[in-house]
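> Got a structure for you, work.cif, holding mmCIF, C-alpha atoms.
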```
data_upload
#
loop_
_atom_site.label_atom_id
_atom_site.label_comp_id
_atom_site.auth_asym_id
_atom_site.auth_seq_id
_atom_site.Cartn_x
_atom_site.Cartn_y
_atom_site.Cartn_z
CA MET A 1 17.68 -20.22 11.77
CA GLU A 2 15.02 -18.32 9.85
CA PHE A 3 12.98 -21.53 9.56
CA LEU A 4 12.64 -21.75 13.33
CA SER A 5 12.42 -18.01 13.93
CA ARG A 6 9.12 -17.93 12.07
CA PHE A 7 7.59 -19.84 14.98
CA ARG A 8 8.63 -17.24 17.54
CA ARG A 9 6.10 -14.46 17.78
CA LYS A 10 7.86 -11.11 17.85
CA THR A 11 6.19 -7.97 19.07
CA TRP A 12 6.73 -4.29 18.35
CA ASN A 13 5.48 -1.63 20.72
CA PRO A 14 4.95 1.85 19.23
CA LYS A 15 4.52 3.54 22.61
CA GLY A 16 6.91 6.47 22.86
CA LEU A 17 8.18 6.02 19.30
CA HIS A 18 7.99 8.55 16.48
CA CYS A 19 5.77 7.19 13.69
CA TYR A 20 5.80 9.09 10.39
CA ILE A 21 2.79 8.51 8.13
CA THR A 22 2.35 9.70 4.55
CA GLY A 23 -1.19 9.95 3.24
CA GLY A 24 -2.12 10.53 6.87
CA SER A 25 -5.06 12.88 6.37
CA SER A 26 -7.59 10.22 5.30
CA GLY A 27 -8.19 6.54 4.61
CA LEU A 28 -5.64 3.97 5.72
CA GLY A 29 -3.10 6.61 6.75
CA LEU A 30 -5.49 8.35 9.13
CA SER A 31 -6.71 5.05 10.59
CA LEU A 32 -3.11 4.02 11.24
CA ALA A 33 -2.31 7.39 12.78
CA THR A 34 -5.33 7.11 15.09
CA ARG A 35 -4.46 3.58 16.24
CA LEU A 36 -0.81 4.50 16.83
CA THR A 37 -1.83 7.61 18.77
CA GLU A 38 -4.14 5.48 20.92
CA GLN A 39 -1.15 3.23 21.66
CA GLY A 40 0.99 6.09 22.90
CA ALA A 41 3.10 6.83 19.83
CA HIS A 42 4.30 10.25 18.75
CA VAL A 43 2.72 10.74 15.33
CA SER A 44 3.58 12.89 12.31
CA ILE A 45 1.12 12.86 9.41
CA VAL A 46 1.94 14.20 5.95
CA ALA A 47 -0.44 15.03 3.08
CA ARG A 48 -1.05 17.82 0.58
CA ASP A 49 -4.45 19.15 1.64
CA GLU A 50 -4.07 21.49 4.63
CA ALA A 51 -7.81 21.52 5.37
CA LYS A 52 -7.92 17.72 5.58
CA LEU A 53 -4.76 17.72 7.70
CA LYS A 54 -6.41 20.10 10.15
CA GLU A 55 -9.44 17.84 10.46
CA ALA A 56 -7.22 14.77 10.86
CA LEU A 57 -5.18 16.49 13.55
CA GLU A 58 -8.35 17.12 15.58
CA ILE A 59 -9.14 13.39 15.41
CA LEU A 60 -5.64 12.51 16.58
CA GLU A 61 -5.73 15.03 19.41
CA ALA A 62 -8.92 13.39 20.66
CA ALA A 63 -7.19 9.99 20.52
CA ARG A 64 -4.06 10.93 22.48
CA VAL A 65 -3.47 9.04 25.73
CA ASP A 66 -0.62 11.13 27.10
CA PRO A 67 -0.34 14.95 27.20
CA ASN A 68 3.35 14.58 26.34
CA GLN A 69 2.67 12.89 23.01
CA ILE A 70 3.85 14.93 20.03
CA ILE A 71 1.13 14.99 17.36
CA LYS A 72 1.97 17.05 14.27
CA SER A 73 0.82 17.48 10.67
CA TYR A 74 2.83 18.64 7.65
CA SER A 75 1.65 19.75 4.22
CA PHE A 76 3.89 18.47 1.43
CA ALA A 77 3.35 17.14 -2.08
CA LEU A 78 5.61 14.10 -2.10
CA ASN A 79 6.05 13.93 -5.88
CA SER A 80 9.82 14.46 -5.84
CA TYR A 81 12.79 13.25 -3.85
CA ASP A 82 13.59 16.75 -2.56
CA ALA A 83 10.04 17.28 -1.29
CA SER A 84 10.02 13.86 0.36
CA ALA A 85 13.32 14.54 2.10
CA ALA A 86 12.11 17.99 3.20
CA ALA A 87 8.95 16.48 4.69
CA ILE A 88 10.94 13.98 6.74
CA ASP A 89 13.37 16.67 7.91
CA ALA A 90 10.48 18.91 8.98
CA ALA A 91 8.82 16.09 10.92
CA CYS A 92 12.09 15.33 12.71
CA VAL A 93 12.61 18.87 14.07
CA PRO A 94 10.65 18.23 17.33
CA TYR A 95 12.97 15.25 17.97
CA GLY A 96 16.22 17.14 17.61
CA GLY A 97 16.46 16.09 13.96
CA ARG A 98 16.57 12.37 14.80
CA SER A 99 15.07 9.95 12.27
CA PRO A 100 11.56 8.53 12.78
CA ASP A 101 11.40 5.14 14.45
CA ALA A 102 8.87 3.88 11.88
CA LEU A 103 7.67 5.18 8.55
CA PHE A 104 4.28 4.10 7.22
CA LEU A 105 4.17 5.02 3.53
CA CYS A 106 0.47 5.10 2.67
CA ALA A 107 0.25 7.89 0.08
CA GLY A 108 -1.06 6.78 -3.31
CA SER A 109 -4.08 6.65 -5.60
CA SER A 110 -5.62 4.66 -8.43
CA LYS A 111 -7.44 5.62 -11.63
CA PRO A 112 -8.73 2.41 -13.30
CA ARG A 113 -9.38 2.71 -17.03
CA PHE A 114 -8.94 0.72 -20.22
CA PHE A 115 -5.33 0.80 -21.39
CA VAL A 116 -6.25 2.01 -24.89
CA GLU A 117 -7.97 5.06 -23.37
CA MET A 118 -4.85 6.18 -21.51
CA ASP A 119 -2.20 8.63 -22.58
CA GLU A 120 1.44 9.09 -21.64
CA ALA A 121 0.63 11.42 -18.75
CA GLU A 122 -1.72 8.90 -17.10
CA LEU A 123 0.84 6.12 -17.22
CA LEU A 124 3.52 8.40 -15.79
CA ASP A 125 1.14 9.60 -13.08
CA GLY A 126 0.28 6.00 -12.20
CA MET A 127 3.93 5.24 -11.48
CA THR A 128 4.43 8.49 -9.58
CA THR A 129 1.43 8.10 -7.26
CA GLY A 130 1.69 4.31 -6.97
CA TYR A 131 5.45 3.87 -6.66
CA TRP A 132 7.65 6.97 -6.60
CA VAL A 133 5.90 8.79 -3.73
CA GLN A 134 6.80 5.81 -1.52
CA ALA A 135 10.20 5.09 -3.09
CA TRP A 136 11.41 8.66 -2.64
CA SER A 137 10.34 8.73 1.01
CA ALA A 138 12.07 5.40 1.60
CA LEU A 139 15.25 6.66 -0.07
CA ALA A 140 15.32 9.87 1.97
CA ALA A 141 14.58 7.99 5.19
CA SER A 142 17.17 5.29 4.51
CA LYS A 143 19.92 7.83 3.88
CA LYS A 144 19.06 9.68 7.08
CA MET A 145 18.80 6.53 9.18
CA VAL A 146 22.10 5.15 7.90
CA ARG A 147 23.91 8.46 8.52
CA GLU A 148 22.62 8.43 12.10
CA SER A 149 23.19 4.68 12.65
CA ALA A 150 19.50 4.59 13.56
CA LYS A 151 17.52 1.38 13.51
CA GLY A 152 13.84 1.43 12.65
CA LYS A 153 11.11 0.29 10.31
CA ILE A 154 9.95 1.26 6.84
CA ILE A 155 6.49 -0.03 5.94
CA PHE A 156 5.34 0.11 2.32
CA VAL A 157 1.75 -0.24 1.11
CA SER A 158 1.17 -2.21 -2.09
CA SER A 159 -2.10 -3.98 -2.93
CA THR A 160 -3.46 -7.43 -3.66
CA LEU A 161 -2.84 -6.19 -7.23
CA GLY A 162 0.87 -6.25 -6.37
CA TYR A 163 0.65 -10.06 -6.59
CA MET A 164 -1.72 -10.39 -9.54
CA THR A 165 -3.84 -8.12 -11.72
CA PHE A 166 -6.55 -7.93 -14.36
CA LEU A 167 -8.30 -5.61 -16.78
CA GLY A 168 -8.49 -1.93 -15.83
CA TYR A 169 -5.36 -1.54 -13.73
CA ALA A 170 -2.66 -0.90 -16.33
CA SER A 171 -1.63 2.39 -14.68
CA TYR A 172 -1.80 1.04 -11.12
CA ALA A 173 -0.77 -2.61 -10.84
CA PRO A 174 2.70 -2.13 -12.43
CA ALA A 175 3.53 0.40 -9.72
CA LYS A 176 2.36 -1.99 -7.00
CA HIS A 177 4.44 -4.82 -8.46
CA ALA A 178 7.40 -2.45 -8.52
CA MET A 179 6.68 -1.58 -4.88
CA ARG A 180 7.03 -5.24 -4.01
CA GLY A 181 10.32 -5.45 -5.91
CA LEU A 182 11.71 -2.49 -4.00
CA ALA A 183 10.55 -3.81 -0.63
CA ASP A 184 12.02 -7.28 -1.26
CA THR A 185 15.32 -5.72 -2.32
CA LEU A 186 15.49 -3.41 0.69
CA ARG A 187 14.53 -6.20 3.08
CA SER A 188 17.82 -7.82 2.08
CA GLU A 189 20.01 -4.72 1.71
CA LEU A 190 18.94 -2.85 4.82
CA LEU A 191 19.87 -5.82 6.99
CA LEU A 192 23.28 -4.16 6.75
CA TYR A 193 21.98 -1.37 8.99
CA GLY A 194 19.40 -3.08 11.19
CA ILE A 195 16.45 -1.44 9.39
CA ASP A 196 13.34 -3.62 9.10
CA ILE A 197 11.18 -3.65 5.97
CA HIS A 198 7.50 -4.60 5.77
CA ILE A 199 5.03 -4.36 2.89
CA PHE A 200 1.25 -4.53 3.15
CA PHE A 201 -0.96 -5.97 0.39
CA PRO A 202 -4.51 -4.80 1.19
CA PRO A 203 -7.57 -5.77 -0.84
CA THR A 204 -10.18 -3.22 -1.84
CA MET A 205 -10.62 -0.66 0.93
CA TYR A 206 -13.68 1.54 1.44
CA THR A 207 -11.94 4.93 1.53
CA PRO A 208 -12.38 8.33 -0.17
CA GLY A 209 -9.85 7.11 -2.73
CA TYR A 210 -12.07 4.12 -3.53
CA GLU A 211 -14.99 6.44 -4.24
CA THR A 212 -12.78 8.46 -6.59
CA GLU A 213 -11.48 5.43 -8.51
CA ASN A 214 -15.02 4.16 -9.07
CA LYS A 215 -15.71 7.25 -11.19
CA THR A 216 -13.44 5.91 -13.95
CA LYS A 217 -13.52 2.17 -13.25
CA PRO A 218 -14.79 0.04 -16.18
CA SER A 219 -17.99 -1.85 -15.43
CA VAL A 220 -16.34 -5.17 -16.24
CA THR A 221 -13.64 -4.42 -13.65
CA SER A 222 -16.34 -3.81 -11.05
CA LYS A 223 -17.99 -7.08 -12.11
CA ILE A 224 -14.77 -9.04 -11.59
CA GLU A 225 -14.36 -7.47 -8.15
CA GLU A 226 -17.89 -8.33 -6.98
CA GLY A 227 -16.71 -11.28 -4.91
CA ASP A 228 -13.88 -9.39 -3.21
CA SER A 229 -13.79 -9.29 0.56
CA ALA A 230 -13.34 -5.52 0.83
CA MET A 231 -12.56 -3.92 4.16
CA THR A 232 -12.75 -0.58 5.88
CA ALA A 233 -9.66 1.54 6.44
CA ASP A 234 -9.84 0.71 10.17
CA GLN A 235 -9.87 -3.02 9.44
CA ALA A 236 -6.93 -2.63 7.07
CA ALA A 237 -4.98 -0.60 9.65
CA HIS A 238 -5.58 -3.32 12.24
CA ALA A 239 -4.32 -5.99 9.83
CA LEU A 240 -1.25 -3.98 8.87
CA LEU A 241 -0.24 -3.31 12.48
CA ARG A 242 -0.87 -6.93 13.44
CA GLY A 243 1.57 -7.97 10.71
CA VAL A 244 4.17 -5.47 11.89
CA TYR A 245 3.77 -6.67 15.50
CA LYS A 246 4.39 -10.23 14.29
CA ASP A 247 7.43 -9.14 12.26
CA GLN A 248 5.87 -10.29 8.99
CA VAL A 249 7.59 -8.95 5.87
CA HIS A 250 4.73 -9.52 3.41
CA ILE A 251 1.49 -8.66 5.22
CA SER A 252 -1.85 -9.88 3.85
CA SER A 253 -5.27 -9.39 5.39
CA ASN A 254 -7.71 -11.75 3.66
CA LEU A 255 -7.76 -15.26 2.25
CA ILE A 256 -7.42 -14.51 -1.45
CA THR A 257 -4.42 -12.22 -0.89
CA SER A 258 -2.85 -14.83 1.38
CA LEU A 259 -3.27 -17.43 -1.37
CA PHE A 260 -1.51 -15.20 -3.88
CA ARG A 261 1.15 -14.38 -1.29
CA ALA A 262 1.85 -18.05 -0.66
CA SER A 263 1.91 -18.96 -4.35
CA THR A 264 4.07 -16.02 -5.47
CA ARG A 265 6.22 -15.56 -2.36
CA GLY A 266 9.55 -15.62 -4.17
CA ALA A 267 12.39 -14.95 -1.70
CA ALA A 268 10.20 -13.29 0.96
CA PRO A 269 10.25 -15.01 4.38
CA TYR A 270 7.49 -17.40 5.35
CA HIS A 271 4.89 -16.41 7.91
CA ASN A 272 4.66 -20.02 9.03
CA PRO A 273 6.22 -22.73 6.81
CA PHE A 274 3.45 -25.27 7.33
CA ALA A 275 0.52 -22.84 7.01
CA ASP A 276 2.06 -21.24 3.93
CA ALA A 277 2.65 -24.66 2.37
CA CYS A 278 -1.04 -25.45 2.83
CA LEU A 279 -2.03 -22.10 1.33
CA GLY A 280 0.32 -22.80 -1.58
CA ILE A 281 -1.41 -26.11 -2.31
CA ILE A 282 -4.84 -24.46 -2.18
CA ALA A 283 -3.60 -21.70 -4.49
CA TRP A 284 -2.11 -24.26 -6.92
CA ILE A 285 -5.63 -25.65 -7.32
CA GLY A 286 -7.69 -22.49 -6.91
CA VAL A 287 -5.76 -19.79 -8.80
CA PRO A 288 -6.21 -21.40 -12.25
CA PHE A 289 -9.98 -21.50 -11.65
CA TRP A 290 -9.93 -17.84 -10.55
CA ARG A 291 -7.96 -16.89 -13.68
CA TRP A 292 -10.38 -18.83 -15.90
CA SER A 293 -13.38 -17.05 -14.38
CA VAL A 294 -11.76 -13.63 -14.86
CA ASP A 295 -10.81 -14.40 -18.48
CA ALA A 296 -14.34 -15.62 -19.16
CA GLU A 297 -15.80 -12.40 -17.75
CA VAL A 298 -13.48 -10.29 -19.90
CA LYS A 299 -14.33 -12.21 -23.09
CA LYS A 300 -18.05 -11.92 -22.35
CA HIS A 301 -17.63 -8.16 -22.19
CA ARG A 302 -15.94 -7.90 -25.61
CA LYS A 303 -18.97 -6.85 -27.69
CA GLU A 304 -20.05 -4.21 -25.18
CA HIS A 305 -16.47 -2.95 -24.91
CA LEU A 306 -16.01 -2.53 -28.65
CA GLY A 307 -19.27 -0.61 -28.78
CA TYR A 308 -17.95 1.64 -26.00
CA LEU A 309 -14.70 2.27 -27.90
CA ALA A 310 -16.65 3.10 -31.06
CA GLN A 311 -18.80 5.55 -29.11
CA LYS A 312 -15.63 7.20 -27.77
CA GLY A 313 -14.21 7.44 -31.29
CA LEU A 314 -11.29 5.13 -30.54
CA ILE A 315 -12.28 2.60 -33.22
CA GLY A 316 -14.52 2.71 -36.28
CA GLU A 317 -18.26 2.10 -36.07
CA LYS A 318 -17.98 -0.80 -38.48
CA THR A 319 -15.54 -2.84 -36.41
CA VAL A 320 -16.61 -6.48 -36.67
CA VAL A 321 -17.16 -8.44 -33.48
CA ASN A 322 -16.10 -12.03 -34.10
#
```
Would you mind giving the structure from this file in structure tokens?

Amino acid sequence: MEFLSRFRRKTWNPKGLHCYITGGSSGLGLSLATRLTEQGAHVSIVARDEAKLKEALEILEAARVDPNQIIKSYSFALNSYDASAAAIDAACVPYGGRSPDALFLCAGSSKPRFFVEMDEAELLDGMTTGYWVQAWSALAASKKMVRESAKGKIIFVSSTLGYMTFLGYASYAPAKHAMRGLADTLRSELLLYGIDIHIFFPPTMYTPGYETENKTKPSVTSKIEEGDSAMTADQAAHALLRGVYKDQVHISSNLITSLFRASTRGAAPYHNPFADACLGIIAWIGVPFWRWSVDAEVKKHRKEHLGYLAQKGLIGEKTVVN
């Protein structure tokens, strides 16, 4: 029974397995690649920037524990299904074409802005970088694994904003909610083939991508996030792998994400029925207060925001602030 199986701690050992990591040249992807290399895995990292891949490969070579480990990097832009499939095929060549044992889909980016500032291209790009680059890799990998009758793991990366969201993330949060929908669907469907699905919901991470998103992030968004328990990429990688080792489907790494996970779990399996029930009760009380505080912060920012829009020419100078 699933109810009882949640009490049995399962373990996954990456030693000797082929782990394929997108977004592997920096941030969470590189931290994962380093940890997996240190644990004896064969590692393939994929990213666009060849210079960053070269630097990342040097880090992984220094982390290897066995001279027989296969550590490779591949330069691909994963913004289409064909490119995603080609990247996986290239990474599988050293293994006789056999599918990876685990895919960690970490590629993605965020560009927080006010919705009324965005254009069609930004919204489309948000879905491509936040959803499609992972969905296409998962589709290509699933087809290959099923053809080969290969069992394995596909690990998606969403965000705490895949459970909830607020001002500034109109081009990002929808993709992360969609990522959860895909993962929950595939968790059920890929049981047909013995393929495990996991999805990680990290909070704010101090990565190069975080520095980039702060360049466009509205000040009120930063204000709302002041109390977040942000973590380094290494801390996030540790939390993700811990969840995979424990066979958790939805993986969270801090209290606030765990509260949203427990209160919006849907059909996803429990981590622990009793612990999750307690978290659900806390969330039932605490989430409304969190939402009230966020709404209050947004409303307080209204006058400043309208002045900003007028300065940008998006509304008239004489707009009345009620």
> Which residues come within 8 Å of range 17-31 of chain A, counting all atoms listed in the file, excluding same-chain residues fewer than 2 positions away, as a ChimeraX atom specification?
/A:14-15,33-36,41-47,49,52-53,55-56,88,91,100-108,207-209,233-234,236-237
> I need the residue nearest Ala175 in chain A from this list: A:Met205, A:Leu123, A:Ala140, A:Val116. Use only C-alpha atoms for the distance.
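Closest to Ala175 in chain A, using only C-alpha atoms: A:Leu123.
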> Can you pull out every residue within 12 Å of Glu122 in chain A, counting all atoms listed in the file, but drop anything in the same chain fewer than 2 positions away, and send it as a PDB file with C-alpha atoms, in the frame of the given file?

```
ATOM      1  CA  SER A 109      -4.080   6.650  -5.600  1.00  0.00           C
ATOM      2  CA  SER A 110      -5.620   4.660  -8.430  1.00  0.00           C
ATOM      3  CA  LYS A 111      -7.440   5.620 -11.630  1.00  0.00           C
ATOM      4  CA  PRO A 112      -8.730   2.410 -13.300  1.00  0.00           C
ATOM      5  CA  ARG A 113      -9.380   2.710 -17.030  1.00  0.00           C
ATOM      6  CA  PHE A 114      -8.940   0.720 -20.220  1.00  0.00           C
ATOM      7  CA  PHE A 115      -5.330   0.800 -21.390  1.00  0.00           C
ATOM      8  CA  VAL A 116      -6.250   2.010 -24.890  1.00  0.00           C
ATOM      9  CA  GLU A 117      -7.970   5.060 -23.370  1.00  0.00           C
ATOM     10  CA  MET A 118      -4.850   6.180 -21.510  1.00  0.00           C
ATOM     11  CA  ASP A 119      -2.200   8.630 -22.580  1.00  0.00           C
ATOM     12  CA  GLU A 120       1.440   9.090 -21.640  1.00  0.00           C
ATOM     13  CA  LEU A 124       3.520   8.400 -15.790  1.00  0.00           C
ATOM     14  CA  ASP A 125       1.140   9.600 -13.080  1.00  0.00           C
ATOM     15  CA  GLY A 126       0.280   6.000 -12.200  1.00  0.00           C
ATOM     16  CA  MET A 127       3.930   5.240 -11.480  1.00  0.00           C
ATOM     17  CA  THR A 128       4.430   8.490  -9.580  1.00  0.00           C
ATOM     18  CA  THR A 129       1.430   8.100  -7.260  1.00  0.00           C
ATOM     19  CA  GLY A 130       1.690   4.310  -6.970  1.00  0.00           C
ATOM     20  CA  TYR A 169      -5.360  -1.540 -13.730  1.00  0.00           C
ATOM     21  CA  ALA A 170      -2.660  -0.900 -16.330  1.00  0.00           C
ATOM     22  CA  SER A 171      -1.630   2.390 -14.680  1.00  0.00           C
ATOM     23  CA  TYR A 172      -1.800   1.040 -11.120  1.00  0.00           C
TER      24      TYR A 172
END
```
> If we draw a sphere of 10 Å around (11.3, 5.0, -0.8), which residues have at least one atom in it when counting only C-alpha atoms? Please report them as a list in words.
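Residues with an atom close enough to that point: Tyr81, Ser84, Leu105, Tyr131, Trp132, Val133, Gln134, Ala135, Trp136, Ser137, Ala138, Leu139, Ala140, Ala141, Ser142, Ile154, Ile155, Phe156, Met179, Leu182, Ala183 and Leu186 of chain A.
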> What's the separation between CA of Ser219 in chain A and CA of His301 in chain A, in Å to one decimal place?
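About the pair CA of Ser219 in chain A and CA of His301 in chain A: they are 9.3 Å apart.
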> From the set A:Met164, A:Ala268, A:Val157, A:Val287, which residue has the shortest atom-to-atom contact distance to Val249 in chain A, counting all atoms listed in the file?
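Comparing A:Met164, A:Ala268, A:Val157, A:Val287 against Val249 in chain A, the winner is A:Ala268.
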> Evaluated on this file, the PyMOL selection byres ((chain A and resi 201) around 12) picks out some residues - which ones are they, written as a compact mmCIF listing (two decimals) with C-alpha atoms, keeping the file's coordinate frame?

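Done, and the output landed in selection-v9.txt:
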```
# COMPACT_ATOMS: atom_id res chain seq x y z
CA CYS A 106 0.47 5.10 2.67
CA ILE A 155 6.49 -0.03 5.94
CA PHE A 156 5.34 0.11 2.32
CA VAL A 157 1.75 -0.24 1.11
CA SER A 158 1.17 -2.21 -2.09
CA SER A 159 -2.10 -3.98 -2.93
CA THR A 160 -3.46 -7.43 -3.66
CA LEU A 161 -2.84 -6.19 -7.23
CA GLY A 162 0.87 -6.25 -6.37
CA TYR A 163 0.65 -10.06 -6.59
CA MET A 164 -1.72 -10.39 -9.54
CA ALA A 173 -0.77 -2.61 -10.84
CA LYS A 176 2.36 -1.99 -7.00
CA HIS A 177 4.44 -4.82 -8.46
CA MET A 179 6.68 -1.58 -4.88
CA ARG A 180 7.03 -5.24 -4.01
CA ALA A 183 10.55 -3.81 -0.63
CA HIS A 198 7.50 -4.60 5.77
CA ILE A 199 5.03 -4.36 2.89
CA PHE A 200 1.25 -4.53 3.15
CA PRO A 202 -4.51 -4.80 1.19
CA PRO A 203 -7.57 -5.77 -0.84
CA THR A 204 -10.18 -3.22 -1.84
CA MET A 205 -10.62 -0.66 0.93
CA ALA A 236 -6.93 -2.63 7.07
CA ALA A 237 -4.98 -0.60 9.65
CA ALA A 239 -4.32 -5.99 9.83
CA LEU A 240 -1.25 -3.98 8.87
CA GLY A 243 1.57 -7.97 10.71
CA GLN A 248 5.87 -10.29 8.99
CA VAL A 249 7.59 -8.95 5.87
CA HIS A 250 4.73 -9.52 3.41
CA ILE A 251 1.49 -8.66 5.22
CA SER A 252 -1.85 -9.88 3.85
CA SER A 253 -5.27 -9.39 5.39
CA ASN A 254 -7.71 -11.75 3.66
CA LEU A 255 -7.76 -15.26 2.25
CA ILE A 256 -7.42 -14.51 -1.45
CA THR A 257 -4.42 -12.22 -0.89
CA SER A 258 -2.85 -14.83 1.38
CA LEU A 259 -3.27 -17.43 -1.37
CA PHE A 260 -1.51 -15.20 -3.88
CA ARG A 261 1.15 -14.38 -1.29
```
> Hey, can you check how far CA of Tyr308 in chain A sits from CA of Ser222 in chain A?
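So the answer is 16.0 Å.
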> What would the selection look like, as a PDB file with C-alpha atoms, in the coordinates of the input, if the PyMOL selection byres ((chain A and resi 246) around 8) were run on the coordinates I just shared?

```
ATOM      1  CA  ARG A   9       6.100 -14.460  17.780  1.00  0.00           C
ATOM      2  CA  LYS A  10       7.860 -11.110  17.850  1.00  0.00           C
ATOM      3  CA  THR A  11       6.190  -7.970  19.070  1.00  0.00           C
ATOM      4  CA  TRP A  12       6.730  -4.290  18.350  1.00  0.00           C
ATOM      5  CA  ARG A 242      -0.870  -6.930  13.440  1.00  0.00           C
ATOM      6  CA  GLY A 243       1.570  -7.970  10.710  1.00  0.00           C
ATOM      7  CA  VAL A 244       4.170  -5.470  11.890  1.00  0.00           C
ATOM      8  CA  TYR A 245       3.770  -6.670  15.500  1.00  0.00           C
ATOM      9  CA  ASP A 247       7.430  -9.140  12.260  1.00  0.00           C
ATOM     10  CA  GLN A 248       5.870 -10.290   8.990  1.00  0.00           C
TER      11      GLN A 248
END
```
